[in-house]
Amino acid sequence: MGRYFHSEVDIKSPWHQVLAAFWQRYPNPYSAHVLTEDVLYREVTPNNHLLSRRLLTKTNRLPGWAERIFPTHVARAVYVLEDSIVDPHAHTLTTKTWNINHNTLMMVVERCLFEEDRSQPSWTKLRREACITSAVYGLARPIQEFGLARFKSNQVKAMKGLEFALSKIQTEAPTHLHGDQGELSEKHKPLPPQTTPTPTQEPKQFV
């Protein structure tokens with residue numbers, strides 16, 4: 001059955017700032033476990049939606065009891081795909097992330113919706129849900145419980161990292177946060193080089 005997580009958060013910043021912070025949230029002091037990020041694919045559709053696929057590399061240390069059972073190389077790194085769709089007209093950002101290795105041990109699929117709060121346009125609503133599953137016979141339940149606990153802990157760090165990026169945007173460049181085209185740009189970061197999309201690169205799926 002797996003374990004399920006759901007949360008709703010009110011972010012006290014307008015959607016266009018949250019969108020800019022989303023692209024600029026790495027690196028930050030709360031994301032030491034995120035090692036790299038690379039753009040694999042990007043496209044603006046005829047209806048002006050921005051589709052992106054990114055590859056994130058994260059550290060993934062297992063709990064002590066699991067390290068005694070599984071080979072040490074299992075605990076090194078996790079590769080995560082992140083698909084996103086930006087709708088600048090509806091003021092929504094929809095994301096889906098999932099790990100592409102170690103998925104027999106544990107699979108984590110997360111979906112997020114960042115949406116302008118219609119009742120308070122200066123705020124943004126974040127709805128997040130995740131499903132944690134394991135296919136390890138006899139150990140699926142404790143692995144899923146561990147995965148759920150770690151996911152909750154990481155979401156606290158993720159929110160702090162987003163708030164950190166928002167603070168930098170609001171302090172350093174508030175005048176650059178207006179206009180539809182500006183909302184869809186992503187700042188270059190001192191992380192590994194981004195992969196330039198080619199016509200042969202097609203995404204397998206999008207949220």
# chains A, B, ... in the order shown; residues from 1 in each chain; ligands from 1

$ residues_around --residues "Ser84 of chain A" --least-positions-apart "2" --cutoff "8 Å" --atoms "only C-alpha atoms" --output "PDB file with N, CA, C and O atoms, in the first residue's frame"
ATOM      1  N   LEU A  50       5.394  26.630 -19.913  1.00  0.00           N
ATOM      2  CA  LEU A  50       6.809  26.265 -19.862  1.00  0.00           C
ATOM      3  C   LEU A  50       6.937  24.857 -19.288  1.00  0.00           C
ATOM      4  O   LEU A  50       6.558  24.604 -18.136  1.00  0.00           O
ATOM      5  N   LEU A  51       7.468  23.930 -20.104  1.00  0.00           N
ATOM      6  CA  LEU A  51       7.709  22.560 -19.656  1.00  0.00           C
ATOM      7  C   LEU A  51       9.197  22.390 -19.387  1.00  0.00           C
ATOM      8  O   LEU A  51      10.025  22.786 -20.209  1.00  0.00           O
ATOM      9  N   SER A  52       9.531  21.808 -18.267  1.00  0.00           N
ATOM     10  CA  SER A  52      10.935  21.587 -17.921  1.00  0.00           C
ATOM     11  C   SER A  52      11.112  20.203 -17.320  1.00  0.00           C
ATOM     12  O   SER A  52      10.223  19.682 -16.636  1.00  0.00           O
ATOM     13  N   ARG A  53      12.263  19.628 -17.584  1.00  0.00           N
ATOM     14  CA  ARG A  53      12.674  18.411 -16.885  1.00  0.00           C
ATOM     15  C   ARG A  53      14.091  18.645 -16.370  1.00  0.00           C
ATOM     16  O   ARG A  53      14.983  19.022 -17.127  1.00  0.00           O
ATOM     17  N   GLU A  82      12.710  15.753 -12.044  1.00  0.00           N
ATOM     18  CA  GLU A  82      11.699  16.751 -11.679  1.00  0.00           C
ATOM     19  C   GLU A  82      11.066  17.294 -12.955  1.00  0.00           C
ATOM     20  O   GLU A  82      11.738  17.946 -13.756  1.00  0.00           O
ATOM     21  N   VAL A  86       4.710  25.338 -15.973  1.00  0.00           N
ATOM     22  CA  VAL A  86       4.351  26.690 -15.539  1.00  0.00           C
ATOM     23  C   VAL A  86       3.256  27.219 -16.450  1.00  0.00           C
ATOM     24  O   VAL A  86       3.411  27.235 -17.677  1.00  0.00           O
ATOM     25  N   LEU A  93       2.152  26.607 -10.898  1.00  0.00           N
ATOM     26  CA  LEU A  93       3.346  25.813 -11.149  1.00  0.00           C
ATOM     27  C   LEU A  93       3.062  24.419 -10.610  1.00  0.00           C
ATOM     28  O   LEU A  93       2.792  24.248  -9.415  1.00  0.00           O
ATOM     29  N   THR A  94       3.093  23.435 -11.491  1.00  0.00           N
ATOM     30  CA  THR A  94       2.820  22.052 -11.112  1.00  0.00           C
ATOM     31  C   THR A  94       4.095  21.242 -11.280  1.00  0.00           C
ATOM     32  O   THR A  94       4.754  21.331 -12.327  1.00  0.00           O
ATOM     33  N   THR A  95       4.463  20.458 -10.276  1.00  0.00           N
ATOM     34  CA  THR A  95       5.692  19.674 -10.353  1.00  0.00           C
ATOM     35  C   THR A  95       5.430  18.222  -9.970  1.00  0.00           C
ATOM     36  O   THR A  95       4.516  17.916  -9.196  1.00  0.00           O
ATOM     37  N   LYS A  96       6.250  17.352 -10.524  1.00  0.00           N
ATOM     38  CA  LYS A  96       6.270  15.952 -10.118  1.00  0.00           C
ATOM     39  C   LYS A  96       7.729  15.521 -10.038  1.00  0.00           C
ATOM     40  O   LYS A  96       8.508  15.762 -10.973  1.00  0.00           O
ATOM     41  N   PHE A 206       5.100  14.286 -18.569  1.00  0.00           N
ATOM     42  CA  PHE A 206       5.036  15.486 -17.768  1.00  0.00           C
ATOM     43  C   PHE A 206       3.819  15.392 -16.879  1.00  0.00           C
ATOM     44  O   PHE A 206       2.857  14.691 -17.161  1.00  0.00           O
ATOM     45  N   VAL A 207       3.904  16.101 -15.741  1.00  0.00           N
ATOM     46  CA  VAL A 207       2.825  16.046 -14.773  1.00  0.00           C
ATOM     47  C   VAL A 207       1.544  16.545 -15.397  1.00  0.00           C
ATOM     48  O   VAL A 207       1.559  17.396 -16.246  1.00  0.00           O
TER      49      VAL A 207
END

$ residues_around --residues "Glu129 of chain A" --least-positions-apart "2" --cutoff "9 Å" --atoms "only C-alpha atoms" --output "count of residues only"
11

$ atom_distance --atom1 "atom CA of Ala21 of chain A" --atom2 "atom CA of Tyr41 of chain A"
19.7 Å

$ residues_around --residues "Met1 of chain A" --least-positions-apart "2" --cutoff "10 Å" --atoms "only C-alpha atoms" --output "number ranges by chain"
A: 3-4, 131-134, 140-141, 144

$ write_last_selection --atoms "C-alpha atoms" --output "tab-separated table (two decimals), in the first residue's frame"
chain	number	residue	atom	x	y	z
A	3	ARG	CA	2.71	5.56	2.91
A	4	TYR	CA	0.97	8.78	1.91
A	131	CYS	CA	3.63	8.40	-1.89
A	132	ILE	CA	6.45	6.28	-0.44
A	133	THR	CA	6.64	2.60	-1.40
A	134	SER	CA	9.15	-0.25	-1.07
A	140	ALA	CA	8.78	-2.87	3.15
A	141	ARG	CA	6.90	-1.53	6.17
A	144	GLN	CA	8.30	3.02	4.18

$ closest_residue --among "A:Arg128, A:Ala165, A:Phe146, A:Asn60" --to "Pro27 of chain A" --atoms "only C-alpha atoms"
A:Ala165

$ closest_residue --among "A:Pro29, A:Ala90, A:Val9, A:Trp23" --to "Gly161 of chain A" --atoms "only C-alpha atoms"
A:Pro29

$ residues_around --residues "Ile11 of chain A" --least-positions-apart "3" --cutoff "9 Å" --atoms "only C-alpha atoms" --output "PyMOL selection string"
chain A and resi 14-15+18+123-126+163

$ residues_around --residues "Leu35 of chain A" --least-positions-apart "4" --cutoff "8 Å" --atoms "only C-alpha atoms" --output "ChimeraX atom specification"
/A:56-59
